[in-house]
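Scroll down for the structure; my scribbles are underneath it.
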Amino acid sequence: MALTIYGIPTSRALRILWLANELGLDFKYVPVDFSGGSRQPEFMKLNPNGHVPVIDDDGLILWESLACNLYLIKKHGGPLLPKNLADEGRALQWSFWVMTEVEKAALSLLRKLVYPADIADAEVAAARGKLVPAFSVLNGALMGKDCLLGTEFTIADLNVAAVLAWLKIVKYDFSAIPNVEAWLTRCLARPAYVAAKATK
């Protein structure tokens with residue numbers, strides 16, 4: 001049975017679609033949106049939380065996008081797999097870091113763009129304030145390096161860049177953090193990312 005990915009490219013499913021394209025996986029795409037589709041009874045059997053994405057990998061049902069990616073890279077290997085245990089630990093570190101330090105704030109800025117009346121200006125200011133120290137950390141980590149684990153693009157880069165991609169949509173100013181800006185531009189220029197965004 002082929003891998004099935006439930007979600008849409010404008011959701012966190014993009015992260016999984018990106019990785020599946022990087023790995024050249026054969027997968028079935030089932031578009032499920034978060035404006036009602038993810039709350040349908042059949043989908044709720046897959047993810048009782050009612051959120052996308054979900055994957056079905058030969059009967060194994062997983063949700064939480066970054067967990068799905070960490071599972072898939074561990075299963076399939078390839079050039080995006082960290083080369084040793086230390087790098088695997090650092091890939092986990094950066095994946096958890098982007099969830100705890102960046103994702104909520106980035107989502108607030110994105111929601112302000114899409115639903116301006118629903119997000120208070122104070123929330124936007126707080127989100128921008130939270131991103132400053134987080135991006136200082138990331139900018140320092142990328143000093144003198146092409147990628148988070150060294151010279152090669154890995155799952156660490158993909159998981160972090162997939163979250164930061166939201167900030168490209170809101171035209172976040174990365175000029176004060178040039179290492180992040182250059183790295184993110186390289187990541188989002190990868191053909192697999194472009195293909196994932198175009199999934200239909």
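FYI, nothing fancy with the structure tokens labels: chains A, B, ... in order, residues from 1 per chain, ligands from 1 as they appear.
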As JSON, numbers by chain, please: all residues of chain A that backbone DSSP puts in alpha helix (DSSP H). {"A": [13, 14, 15, 16, 17, 18, 19, 20, 21, 22, 23, 41, 42, 43, 44, 45, 46, 65, 66, 67, 68, 69, 70, 71, 72, 73, 74, 75, 76, 85, 86, 87, 88, 89, 90, 91, 92, 93, 94, 95, 96, 97, 104, 105, 106, 107, 108, 109, 110, 111, 112, 113, 114, 121, 122, 123, 124, 125, 126, 127, 128, 129, 130, 131, 132, 133, 134, 135, 136, 137, 138, 139, 140, 141, 155, 156, 157, 158, 159, 160, 161, 162, 163, 164, 165, 166, 167, 168, 169, 178, 179, 180, 181, 182, 183, 184, 185, 186, 187, 188, 191, 192, 193, 194, 195, 196, 197]}
Close residues, range 87-93 of chain A itself excluded, 8 Å, only C-alpha atoms, min 3 positions apart in chain, as a VMD selection string: chain A and resid 81 to 84 96 to 97 149 155 to 156
Please, could you write that set of residues out with N, CA and C atoms as a short mmCIF file (atom, residue, chain, number, x, y, z; two decimals), in the first residue's frame?
data_model
loop_
_atom_site.label_atom_id
_atom_site.label_comp_id
_atom_site.auth_asym_id
_atom_site.auth_seq_id
_atom_site.Cartn_x
_atom_site.Cartn_y
_atom_site.Cartn_z
N LEU A 81 18.73 12.25 5.78
CA LEU A 81 18.85 11.59 7.08
C LEU A 81 20.15 12.01 7.76
N PRO A 82 20.11 12.45 9.02
CA PRO A 82 21.36 12.76 9.73
C PRO A 82 22.31 11.56 9.72
N LYS A 83 23.60 11.87 9.63
CA LYS A 83 24.60 10.81 9.39
C LYS A 83 25.01 10.04 10.64
N ASN A 84 24.73 10.57 11.82
CA ASN A 84 25.13 9.90 13.05
C ASN A 84 24.17 10.28 14.17
N PHE A 96 12.06 20.48 17.39
CA PHE A 96 11.31 20.90 18.56
C PHE A 96 11.44 22.40 18.80
N TRP A 97 12.63 22.93 18.51
CA TRP A 97 12.88 24.36 18.68
C TRP A 97 11.92 25.19 17.84
N LEU A 149 23.04 21.42 10.04
CA LEU A 149 23.94 20.38 10.52
C LEU A 149 25.30 20.42 9.82
N ILE A 155 16.82 16.82 7.16
CA ILE A 155 15.48 16.96 7.71
C ILE A 155 15.42 18.12 8.71
N ALA A 156 16.53 18.44 9.36
CA ALA A 156 16.54 19.58 10.28
C ALA A 156 16.22 20.87 9.53
#
Atom-to-atom span, CA of Ser136 in chain A and CA of Ser175 in chain A, Å: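 We find that CA of Ser136 in chain A and CA of Ser175 in chain A lie 12.0 Å from each other.
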Could you give me, as number ranges by chain, the residues within 8 Å of range 24-34 of chain A, counting only C-alpha atoms and dropping anything in the same chain fewer than 6 positions from it? A: 2-8, 11, 51-52, 200
Find the distance between CA of Met99 in chain A and CA of Val163 in chain A and write it in Å to one decimal.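 According to the coordinates, CA of Met99 in chain A and CA of Val163 in chain A are separated by 8.2 Å.
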